[in-house]
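Below: target-v9.cif (mmCIF, C-alpha atoms)
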```cif
data_target
#
loop_
_atom_site.label_atom_id
_atom_site.label_comp_id
_atom_site.auth_asym_id
_atom_site.auth_seq_id
_atom_site.Cartn_x
_atom_site.Cartn_y
_atom_site.Cartn_z
CA MET A 1 3.05 25.61 40.94
CA LYS A 2 -0.43 26.03 39.54
CA ALA A 3 -1.11 25.96 35.80
CA THR A 4 -3.70 25.09 33.16
CA THR A 5 -2.98 23.78 29.68
CA LEU A 6 -4.66 21.77 26.94
CA LYS A 7 -4.22 18.02 26.89
CA GLU A 8 -2.96 18.30 23.30
CA ASN A 9 -0.12 20.63 24.34
CA LEU A 10 0.94 18.41 27.22
CA ASN A 11 0.66 15.23 25.19
CA ASN A 12 2.70 16.60 22.28
CA GLY A 13 5.42 17.78 24.61
CA LEU A 14 5.67 14.52 26.55
CA ARG A 15 5.83 12.49 23.34
CA ILE A 16 8.91 14.48 22.32
CA VAL A 17 10.82 14.79 25.61
CA GLU A 18 10.36 11.17 26.67
CA LYS A 19 12.93 10.25 23.99
CA ALA A 20 15.67 11.42 26.38
CA SER A 21 14.18 9.77 29.44
CA GLY A 22 14.81 6.08 29.93
CA LYS A 23 15.17 3.36 32.49
CA ASN A 24 18.19 4.36 34.58
CA LEU A 25 18.73 2.11 37.60
CA MET A 26 21.75 4.03 38.88
CA LEU A 27 20.18 7.52 38.83
CA SER A 28 16.38 7.39 39.09
CA ILE A 29 15.97 11.15 38.61
CA LEU A 30 16.91 10.62 34.93
CA ASN A 31 13.68 8.68 34.49
CA ASN A 32 11.76 11.86 35.34
CA VAL A 33 10.55 14.89 33.43
CA LEU A 34 11.18 18.29 34.97
CA ILE A 35 7.99 20.37 34.83
CA SER A 36 8.56 24.08 35.36
CA THR A 37 6.87 27.37 34.54
CA ASP A 38 8.13 30.41 32.66
CA LYS A 39 5.69 33.30 32.13
CA ASN A 40 3.02 31.85 29.80
CA PHE A 41 4.77 28.54 29.23
CA LEU A 42 4.87 25.14 30.87
CA ASN A 43 8.35 23.71 30.30
CA LEU A 44 8.97 19.96 30.00
CA THR A 45 12.63 18.88 30.24
CA THR A 46 14.35 15.49 30.18
CA THR A 47 17.97 14.39 29.96
CA ASP A 48 20.18 11.29 29.98
CA LEU A 49 23.27 13.43 30.80
CA GLU A 50 24.42 13.35 27.16
CA LEU A 51 21.23 14.56 25.49
CA GLY A 52 18.68 17.03 26.83
CA ILE A 53 15.28 17.88 25.34
CA LYS A 54 13.10 20.83 26.33
CA TYR A 55 9.56 21.54 25.13
CA ARG A 56 7.59 24.73 25.78
CA ALA A 57 3.81 24.33 25.93
CA LEU A 58 1.44 27.29 26.09
CA ALA A 59 -0.31 27.45 29.46
CA LYS A 60 -2.09 29.73 31.88
CA ILE A 61 0.22 30.15 34.86
CA GLU A 62 -1.37 31.12 38.16
CA LYS A 63 1.59 30.26 40.36
CA GLU A 64 5.21 29.65 39.43
CA GLY A 65 6.93 26.44 40.48
CA LYS A 66 8.48 23.16 39.38
CA ILE A 67 8.61 19.44 40.11
CA THR A 68 10.00 16.23 38.59
CA ILE A 69 7.63 13.37 37.78
CA PRO A 70 8.30 9.86 36.36
CA THR A 71 8.04 10.41 32.61
CA LYS A 72 6.44 7.11 31.63
CA ILE A 73 3.77 7.31 34.32
CA LEU A 74 2.80 10.88 33.43
CA SER A 75 2.90 10.26 29.67
CA GLY A 76 0.91 7.05 29.92
CA PHE A 77 -1.75 8.64 32.10
CA ILE A 78 -2.19 11.81 30.03
CA ASN A 79 -2.94 9.65 26.97
CA PHE A 80 -6.21 8.47 28.57
CA LEU A 81 -7.52 11.91 29.51
CA PRO A 82 -10.24 13.61 27.44
CA GLU A 83 -9.37 16.38 24.99
CA GLU A 84 -10.00 19.05 27.61
CA LYS A 85 -8.15 21.59 29.69
CA ILE A 86 -5.90 20.02 32.32
CA ASN A 87 -5.20 21.66 35.67
CA LEU A 88 -1.82 21.02 37.29
CA GLU A 89 -0.91 21.89 40.87
CA VAL A 90 2.12 21.01 42.99
CA LYS A 91 1.98 20.47 46.74
CA ASP A 92 4.74 18.81 48.80
CA TYR A 93 6.43 17.08 45.85
CA THR A 94 3.11 15.72 44.57
CA LEU A 95 1.51 16.67 41.27
CA TYR A 96 -2.28 17.01 41.40
CA ILE A 97 -3.98 16.62 38.02
CA THR A 98 -7.64 17.51 37.54
CA CYS A 99 -9.80 17.63 34.45
CA LYS A 100 -13.24 16.47 33.39
CA ASN A 101 -14.15 13.39 35.51
CA HIS A 102 -10.54 12.87 36.66
CA LYS A 103 -8.65 13.69 39.89
CA THR A 104 -5.19 12.22 40.12
CA GLN A 105 -2.10 12.48 42.32
CA ILE A 106 1.39 11.51 41.14
CA LYS A 107 4.28 11.50 43.59
CA GLY A 108 7.38 13.26 42.36
CA GLN A 109 10.88 14.23 43.46
CA SER A 110 12.59 17.47 44.34
CA PRO A 111 13.46 19.50 41.23
CA GLU A 112 16.75 20.41 42.89
CA GLU A 113 17.96 16.85 42.21
CA PHE A 114 17.40 17.18 38.47
CA PRO A 115 20.64 17.66 36.46
CA ILE A 116 21.28 21.09 35.03
CA ILE A 117 21.40 21.13 31.22
CA PRO A 118 24.32 23.37 30.19
CA LYS A 119 23.30 26.64 28.56
CA ILE A 120 25.27 27.92 25.60
CA GLU A 121 26.04 31.56 26.29
CA ASP A 122 27.36 32.45 22.83
CA GLU A 123 24.53 34.23 20.99
CA ARG A 124 25.92 33.52 17.54
CA PHE A 125 24.05 30.86 15.61
CA LEU A 126 23.88 29.00 12.31
CA GLU A 127 20.55 28.52 10.57
CA VAL A 128 19.38 25.69 8.31
CA ASN A 129 16.17 24.64 6.60
CA ILE A 130 14.69 21.88 8.80
CA ASP A 131 13.38 19.66 6.00
CA VAL A 132 16.56 19.74 3.93
CA PHE A 133 18.76 19.31 7.01
CA CYS A 134 16.87 16.26 8.31
CA ARG A 135 16.80 14.58 4.90
CA GLY A 136 20.54 15.14 4.57
CA LEU A 137 21.25 13.67 8.00
CA SER A 138 19.10 10.63 7.22
CA GLN A 139 21.27 9.87 4.17
CA VAL A 140 24.48 9.58 6.21
CA VAL A 141 23.61 8.72 9.85
CA ASP A 142 23.55 4.94 9.31
CA PHE A 143 27.21 4.91 8.32
CA SER A 144 28.61 6.10 11.65
CA VAL A 145 29.33 3.40 14.22
CA LEU A 146 29.95 3.27 17.97
CA ASN A 147 33.70 2.93 18.30
CA GLN A 148 35.52 3.23 21.63
CA ALA A 149 38.94 3.02 20.03
CA ARG A 150 38.08 5.77 17.53
CA PRO A 151 35.23 7.83 19.09
CA GLU A 152 35.33 10.36 16.26
CA LEU A 153 33.73 7.70 14.02
CA SER A 154 30.78 7.43 16.44
CA GLY A 155 29.03 10.47 15.03
CA VAL A 156 28.20 12.61 12.02
CA TYR A 157 30.67 15.28 10.97
CA LEU A 158 29.07 18.67 10.27
CA ASN A 159 31.28 21.09 8.36
CA PHE A 160 29.67 24.52 7.97
CA GLN A 161 31.26 26.63 5.26
CA LYS A 162 30.17 30.01 3.93
CA ASP A 163 28.08 28.64 1.07
CA LYS A 164 27.42 25.03 2.07
CA LEU A 165 27.18 22.40 4.79
CA GLN A 166 28.85 19.01 4.37
CA LEU A 167 27.43 16.07 6.36
CA THR A 168 29.73 13.06 6.56
CA ALA A 169 29.73 9.68 8.29
CA THR A 170 32.03 6.66 8.04
CA ASP A 171 32.69 3.40 9.86
CA GLY A 172 36.05 2.81 8.21
CA PHE A 173 34.62 0.46 5.55
CA ARG A 174 32.19 2.84 3.82
CA LEU A 175 31.63 6.58 3.78
CA ALA A 176 28.73 8.84 2.85
CA GLU A 177 28.86 12.58 2.25
CA LYS A 178 25.89 14.88 1.60
CA THR A 179 26.40 18.53 0.67
CA LEU A 180 23.68 21.09 1.38
CA TYR A 181 23.98 24.46 -0.35
CA PHE A 182 22.79 27.67 1.32
CA GLU A 183 20.51 30.16 -0.40
CA LYS A 184 22.43 32.95 1.32
CA LYS A 185 26.09 32.84 2.26
CA SER A 186 26.80 32.44 5.96
CA SER A 187 29.17 34.72 7.82
CA GLN A 188 30.27 31.85 10.07
CA GLU A 189 32.26 28.69 9.57
CA ALA A 190 32.35 25.83 12.06
CA CYS A 191 32.79 22.07 12.26
CA PHE A 192 31.92 19.50 14.91
CA ILE A 193 31.07 15.83 15.42
CA LEU A 194 27.48 15.12 16.42
CA PRO A 195 26.81 11.83 18.28
CA GLN A 196 24.81 9.28 16.30
CA LYS A 197 22.10 9.09 18.98
CA THR A 198 21.58 12.86 18.89
CA THR A 199 21.48 12.78 15.10
CA ARG A 200 18.75 10.14 15.11
CA GLU A 201 16.67 12.11 17.63
CA ILE A 202 16.98 15.28 15.54
CA ILE A 203 15.67 13.38 12.51
CA SER A 204 12.86 11.80 14.54
CA ILE A 205 11.73 15.02 16.25
CA PHE A 206 12.21 17.63 13.53
CA SER A 207 11.60 15.74 10.26
CA GLU A 208 7.88 16.62 10.26
CA LYS A 209 8.44 20.25 11.26
CA THR A 210 8.75 23.19 8.89
CA GLY A 211 10.75 26.39 8.89
CA LYS A 212 14.26 27.07 10.11
CA LEU A 213 16.44 25.48 12.76
CA ARG A 214 18.85 27.62 14.74
CA ILE A 215 22.05 25.96 15.87
CA TYR A 216 24.03 27.37 18.81
CA PHE A 217 27.31 25.76 19.79
CA SER A 218 30.31 25.91 22.11
CA PRO A 219 33.53 23.84 22.06
CA ASN A 220 31.79 20.83 23.66
CA GLN A 221 28.02 21.49 23.46
CA ILE A 222 25.47 22.10 20.73
CA SER A 223 21.84 23.23 20.80
CA PHE A 224 19.18 22.85 18.08
CA ASN A 225 16.24 25.25 18.42
CA HIS A 226 12.94 25.24 16.55
CA PHE A 227 10.84 28.40 16.71
CA THR A 228 7.15 28.55 15.87
CA GLU A 229 5.88 31.59 13.97
CA GLU A 230 6.19 34.87 15.87
CA ALA A 231 7.66 33.10 18.93
CA SER A 232 10.54 34.69 20.82
CA HIS A 233 11.50 31.38 22.46
CA PRO A 234 12.04 28.01 20.79
CA GLN A 235 9.21 25.52 21.21
CA ILE A 236 11.62 22.57 21.00
CA GLN A 237 15.24 22.67 22.12
CA ILE A 238 17.67 19.75 21.84
CA THR A 239 21.00 20.13 23.63
CA SER A 240 23.77 17.59 23.24
CA ARG A 241 27.39 17.04 24.01
CA LEU A 242 29.77 16.97 21.05
CA ILE A 243 32.26 14.19 20.37
CA GLU A 244 35.79 15.34 21.10
CA GLY A 245 38.59 14.62 18.69
CA GLU A 246 39.58 15.41 15.14
CA TYR A 247 37.61 13.90 12.29
CA PRO A 248 39.77 11.97 9.80
CA ASP A 249 40.78 13.67 6.57
CA TYR A 250 38.19 11.70 4.65
CA GLN A 251 38.69 13.64 1.42
CA GLU A 252 41.83 11.57 0.93
CA ILE A 253 39.65 8.45 0.86
CA ILE A 254 37.37 9.65 -1.93
CA PRO A 255 38.90 8.58 -5.28
CA LYS A 256 39.68 11.40 -7.69
CA LYS A 257 39.92 8.99 -10.64
CA HIS A 258 38.35 5.70 -11.65
CA LYS A 259 39.20 2.75 -13.87
CA THR A 260 35.63 2.07 -14.96
CA ARG A 261 32.49 4.16 -14.80
CA THR A 262 29.08 2.65 -15.48
CA VAL A 263 25.52 3.98 -15.27
CA PHE A 264 22.80 1.60 -14.07
CA SER A 265 19.15 1.68 -13.15
CA LYS A 266 19.20 1.96 -9.36
CA LYS A 267 16.22 -0.38 -8.99
CA GLU A 268 17.72 -3.07 -11.23
CA LEU A 269 21.15 -2.90 -9.58
CA LEU A 270 19.56 -3.13 -6.14
CA ASN A 271 17.47 -6.15 -7.18
CA HIS A 272 20.50 -7.95 -8.61
CA VAL A 273 22.55 -7.36 -5.46
CA LYS A 274 19.68 -8.52 -3.23
CA ALA A 275 19.23 -11.67 -5.33
CA ALA A 276 22.96 -12.40 -5.10
CA SER A 277 22.90 -11.86 -1.32
CA ILE A 278 20.79 -14.99 -0.85
CA PHE A 279 23.78 -17.12 -1.90
CA SER A 280 26.54 -14.96 -0.41
CA GLY A 281 27.51 -17.11 2.57
CA LYS A 282 28.74 -16.05 6.00
CA GLY A 283 31.09 -13.39 4.67
CA ASN A 284 28.27 -11.53 2.84
CA GLU A 285 30.49 -11.58 -0.24
CA VAL A 286 29.28 -10.90 -3.77
CA LYS A 287 31.58 -10.47 -6.74
CA ILE A 288 31.28 -7.83 -9.43
CA LYS A 289 32.89 -8.92 -12.71
CA ILE A 290 33.51 -6.47 -15.53
CA ASP A 291 34.65 -7.41 -19.00
CA PRO A 292 35.47 -4.63 -21.51
CA LYS A 293 33.87 -6.73 -24.24
CA THR A 294 30.42 -6.54 -22.58
CA GLU A 295 28.29 -3.53 -21.81
CA GLY A 296 27.42 -4.39 -18.24
CA ILE A 297 28.51 -6.29 -15.17
CA GLU A 298 28.16 -9.86 -13.95
CA ILE A 299 27.19 -10.31 -10.29
CA ILE A 300 28.30 -13.61 -8.78
CA SER A 301 27.70 -15.23 -5.40
CA GLN A 302 28.13 -18.77 -4.18
CA ASN A 303 27.45 -20.77 -1.08
CA GLN A 304 28.74 -24.30 -0.46
CA GLU A 305 25.49 -25.25 1.26
CA TYR A 306 22.86 -23.63 -0.98
CA GLY A 307 24.43 -23.18 -4.40
CA GLU A 308 25.39 -20.18 -6.51
CA ASN A 309 23.90 -17.32 -8.51
CA ARG A 310 25.12 -15.48 -11.59
CA SER A 311 23.29 -12.57 -13.17
CA PHE A 312 24.12 -10.03 -15.86
CA LEU A 313 23.12 -6.39 -15.58
CA PRO A 314 23.48 -4.22 -18.70
CA GLY A 315 24.70 -0.65 -18.21
CA THR A 316 26.12 2.34 -20.02
CA PHE A 317 29.93 2.41 -19.89
CA ASP A 318 32.07 5.54 -19.90
CA HIS A 319 35.74 4.59 -20.22
CA LYS A 320 38.38 7.25 -20.73
CA GLU A 321 41.09 4.62 -20.94
CA LYS A 322 41.28 0.99 -21.96
CA PHE A 323 41.04 -1.46 -19.08
CA GLN A 324 41.39 -5.16 -18.49
CA SER A 325 38.62 -7.33 -17.11
CA MET A 326 38.41 -7.24 -13.33
CA GLU A 327 36.60 -9.02 -10.52
CA VAL A 328 35.92 -7.09 -7.30
CA SER A 329 34.32 -8.48 -4.14
CA PHE A 330 32.02 -6.47 -1.86
CA ASN A 331 29.95 -6.98 1.25
CA HIS A 332 26.43 -7.05 -0.22
CA ARG A 333 25.01 -5.20 2.80
CA PHE A 334 27.32 -2.27 2.16
CA LEU A 335 26.23 -2.05 -1.47
CA THR A 336 22.54 -2.29 -0.52
CA ASP A 337 22.81 0.35 2.21
CA GLY A 338 24.45 2.80 -0.15
CA LEU A 339 21.89 2.31 -2.90
CA LEU A 340 18.93 2.68 -0.53
CA ASN A 341 20.15 6.12 0.52
CA ILE A 342 20.32 7.47 -3.03
CA ASP A 343 17.32 9.39 -4.35
CA SER A 344 17.73 8.83 -8.06
CA LEU A 345 16.42 6.55 -10.80
CA LYS A 346 19.92 5.96 -12.15
CA VAL A 347 23.24 5.63 -10.34
CA ILE A 348 26.86 5.96 -11.36
CA PHE A 349 29.06 3.04 -10.27
CA GLU A 350 32.83 3.65 -10.37
CA LEU A 351 35.43 0.95 -9.74
CA ASN A 352 39.14 1.28 -9.01
CA GLY A 353 40.46 -2.25 -9.26
CA GLU A 354 40.31 -5.24 -6.94
CA ASP A 355 41.51 -3.41 -3.83
CA GLY A 356 40.57 0.22 -4.55
CA PRO A 357 37.48 1.98 -3.15
CA ALA A 358 34.34 2.03 -5.26
CA VAL A 359 32.04 5.05 -5.60
CA ILE A 360 28.27 5.09 -6.01
CA ARG A 361 26.46 8.36 -6.68
CA PRO A 362 23.22 9.66 -8.20
CA GLU A 363 23.53 10.28 -11.93
CA GLU A 364 22.17 13.82 -11.83
CA ASP A 365 23.01 14.92 -8.29
CA SER A 366 26.58 15.81 -7.36
CA SER A 367 25.63 16.61 -3.76
CA TYR A 368 25.76 12.98 -2.58
CA ILE A 369 28.56 10.43 -2.74
CA TYR A 370 28.94 6.96 -1.24
CA VAL A 371 32.32 5.25 -1.00
CA VAL A 372 32.67 1.56 -0.19
CA MET A 373 35.83 -0.50 0.30
CA PRO A 374 36.00 -3.91 -1.41
CA ILE A 375 36.75 -7.21 0.31
CA LYS A 376 40.42 -7.69 -0.44
CA PRO A 377 41.34 -11.02 -2.04
CA ALA A 378 42.96 -13.49 0.36
#
```
Show me this structure written as structure tokens.
Amino acid sequence: MKATTLKENLNNGLRIVEKASGKNLMLSILNNVLISTDKNFLNLTTTDLELGIKYRALAKIEKEGKITIPTKILSGFINFLPEEKINLEVKDYTLYITCKNHKTQIKGQSPEEFPIIPKIEDERFLEVNIDVFCRGLSQVVDFSVLNQARPELSGVYLNFQKDKLQLTATDGFRLAEKTLYFEKKSSQEACFILPQKTTREIISIFSEKTGKLRIYFSPNQISFNHFTEEASHPQIQITSRLIEGEYPDYQEIIPKKHKTRTVFSKKELLNHVKAASIFSGKGNEVKIKIDPKTEGIEIISQNQEYGENRSFLPGTFDHKEKFQSMEVSFNHRFLTDGLLNIDSLKVIFELNGEDGPAVIRPEEDSSYIYVVMPIKPA
């Protein structure tokens, strides 16, 4: 292999692909980046056997070839090179790097040992707006949890329908759903469970990109492809396994009715919950007390060692039916997490009794909903 590329191109690519290359003591080849050529591109590929990332950097190719090089060594070294053209040449499993005032050799391994990243043959694809998609994923990803007993809860559920995409995550105690609406109706419908790790990498890699993201998928694999303008090949390609199994019928969990419905300032509610959390004790418990005679809620927490806190938060009530006063306990972390993922000045807080799920949602945005289970009384 013999190629020339700009330091900026190589550096940008390594910064992205090194996310799938880690310290693997059992299989050292997974700590490497596969460098290969393809017409006018230098391809950088890494994988951890569950997630694969490929980056195409523009380059002048004089001789085709490929090699695998330790990712951290190459990435760390390239950072110190001047902003100049970099010449790469492979001889006998060694990568020779030359540029202004630098001549370096890095020993590599045979590219034949590098795992093959499965290619999705189906040419059909779904297309989403990158910015909207990443923001939607970021609002739900934190609510999935690694679960060996129930692996389907270890990822984010993507449900593509003709006019919308629903993103859902749950850990069994709370659930978040974000709905993205398409400008044009899609001819395809599909649903799959995306691993949490892959979801986080998609947010990290694509959140600052613009344009569209093409999604190709098979029964057990999925590929996210970002194309630059007028490019026939994706510059960045993320391929991941899908989580097998059937996602729970979470719509049954979302309450269709409520006993009380109150509108609060998001900032004030968040501050009251955070203040109460200081006195919540080991169980993270805070109590929400509602009295029909008062326009608001009382937030109570107590700790045998430190003391207790009581605060009153006024709000606007909307009661269709009369109700009795109630006291509902929640994990303060669950309340805080839900509020932090809502982009709205005011939030709707719906309660369904001492043991029924509560719902928090933006006041003027029906596309997001957060459901949290209370701590049941002993």
Go ahead and fit an axis-aligned box to every listed atom of segment 232-235 of chain A plus 6 Å each side, and pass me the centre and edge lengths in Å, one decimal, as AutoDock Vina command-line options.
```
--center_x 10.6 --center_y 30.1 --center_z 21.6 --size_x 14.8 --size_y 21.2 --size_z 13.7
```
List the residues selected by the PyMOL selection byres ((chain A and resi 367-371) around 8) in the file shown, writing them as a CSV table (one decimal) with C-alpha atoms, in the frame of the given file.
```csv
chain,number,residue,atom,x,y,z
A,174,ARG,CA,32.2,2.8,3.8
A,175,LEU,CA,31.6,6.6,3.8
A,176,ALA,CA,28.7,8.8,2.8
A,177,GLU,CA,28.9,12.6,2.2
A,178,LYS,CA,25.9,14.9,1.6
A,179,THR,CA,26.4,18.5,0.7
A,180,LEU,CA,23.7,21.1,1.4
A,254,ILE,CA,37.4,9.6,-1.9
A,338,GLY,CA,24.4,2.8,-0.2
A,342,ILE,CA,20.3,7.5,-3.0
A,357,PRO,CA,37.5,2.0,-3.2
A,358,ALA,CA,34.3,2.0,-5.3
A,359,VAL,CA,32.0,5.0,-5.6
A,360,ILE,CA,28.3,5.1,-6.0
A,361,ARG,CA,26.5,8.4,-6.7
A,362,PRO,CA,23.2,9.7,-8.2
A,365,ASP,CA,23.0,14.9,-8.3
A,366,SER,CA,26.6,15.8,-7.4
A,372,VAL,CA,32.7,1.6,-0.2
A,373,MET,CA,35.8,-0.5,0.3
```
Quiz item: Distance atom CA of Asn225 of chain A-atom CA of Leu213 of chain A, one decimal place?
Solution: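 The value is 5.7 Å.
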Practice problem: Name all residues at most 8 Å from segment 115-122 of chain A (count all atoms listed in the file; drop same-chain ones fewer than 5 positions away) and give them as a ChimeraX atom specification. | Solution: /A:47,49,52,216-218,221-223,239
Exercise. With the file shown as input, list the residues that the PyMOL selection byres ((chain A and resi 158) around 6) selects, as JSON, numbers by chain.
Key: {"A": [157, 159, 166, 167, 191, 192]}
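With only C-alpha atoms as the atoms that count, the residue of A:Leu34, A:Ile205, A:Val156, A:Ile86 with the shortest distance to Glu113 of chain A is A:Leu34.
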Quiz item: Which residues, written as a PyMOL selection string, have at least one atom at most 12 Å from segment 101-104 of chain A, with all atoms listed in the file counted and residues fewer than 4 positions away on the same chain left out?
Solution: chain A and resi 73-74+77-78+80-90+94-97
Write out as a tab-separated table (two decimals) with C-alpha atoms, in the frame of the given file which residues come within 8 Å of Glu285 of chain A when counting only C-alpha atoms, dropping same-chain ones fewer than 5 positions away.
```tsv
chain	number	residue	atom	x	y	z
A	277	SER	CA	22.90	-11.86	-1.32
A	280	SER	CA	26.54	-14.96	-0.41
A	301	SER	CA	27.70	-15.23	-5.40
A	329	SER	CA	34.32	-8.48	-4.14
A	330	PHE	CA	32.02	-6.47	-1.86
A	331	ASN	CA	29.95	-6.98	1.25
A	332	HIS	CA	26.43	-7.05	-0.22
A	375	ILE	CA	36.75	-7.21	0.31
```
Quiz item: So which residues get picked by the PyMOL selection byres ((chain A and resi 265) around 8) here, written as JSON, numbers by chain?
Solution: {"A": [263, 264, 266, 267, 268, 269, 315, 345, 346, 347]}
Grab the residues selected above and save them as a PDB file, keeping the file's coordinate frame with C-alpha atoms.
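To be explicit, this is the file written out as part27.pdb:
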```
ATOM      1  CA  VAL A 263      25.520   3.980 -15.270  1.00  0.00           C
ATOM      2  CA  PHE A 264      22.800   1.600 -14.070  1.00  0.00           C
ATOM      3  CA  LYS A 266      19.200   1.960  -9.360  1.00  0.00           C
ATOM      4  CA  LYS A 267      16.220  -0.380  -8.990  1.00  0.00           C
ATOM      5  CA  GLU A 268      17.720  -3.070 -11.230  1.00  0.00           C
ATOM      6  CA  LEU A 269      21.150  -2.900  -9.580  1.00  0.00           C
ATOM      7  CA  GLY A 315      24.700  -0.650 -18.210  1.00  0.00           C
ATOM      8  CA  LEU A 345      16.420   6.550 -10.800  1.00  0.00           C
ATOM      9  CA  LYS A 346      19.920   5.960 -12.150  1.00  0.00           C
ATOM     10  CA  VAL A 347      23.240   5.630 -10.340  1.00  0.00           C
TER      11      VAL A 347
END
```
Self-check item: Counting only C-alpha atoms, the option among A:Ile106, A:Leu44, A:Leu126, A:Ile53 closest to Ile202 of chain A
Solution: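 The answer is A:Ile53, which sits nearest to Ile202 of chain A.
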Quiz item: Separation of atom CA of Thr294 of chain A and atom CA of Gly353 of chain A, in Å?
Solution: 17.2 Å
Exercise. Determine the nearest neighbour of Lys185 of chain A from the options A:Gln161, A:Thr198, A:Thr316, A:Ser232, counting all atoms listed in the file.
Key: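 Using all atoms listed in the file, Lys185 of chain A sits closest to A:Gln161.
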Exercise. Enumerate, as number ranges by chain, the protein, DNA and RNA residues whose atoms approach (22.6, 11.1, 18.3) to within 9 Å, taking into account all atoms listed in the file and the coordinate frame of the file.
Key: A: 51, 141, 155-156, 194-202, 240
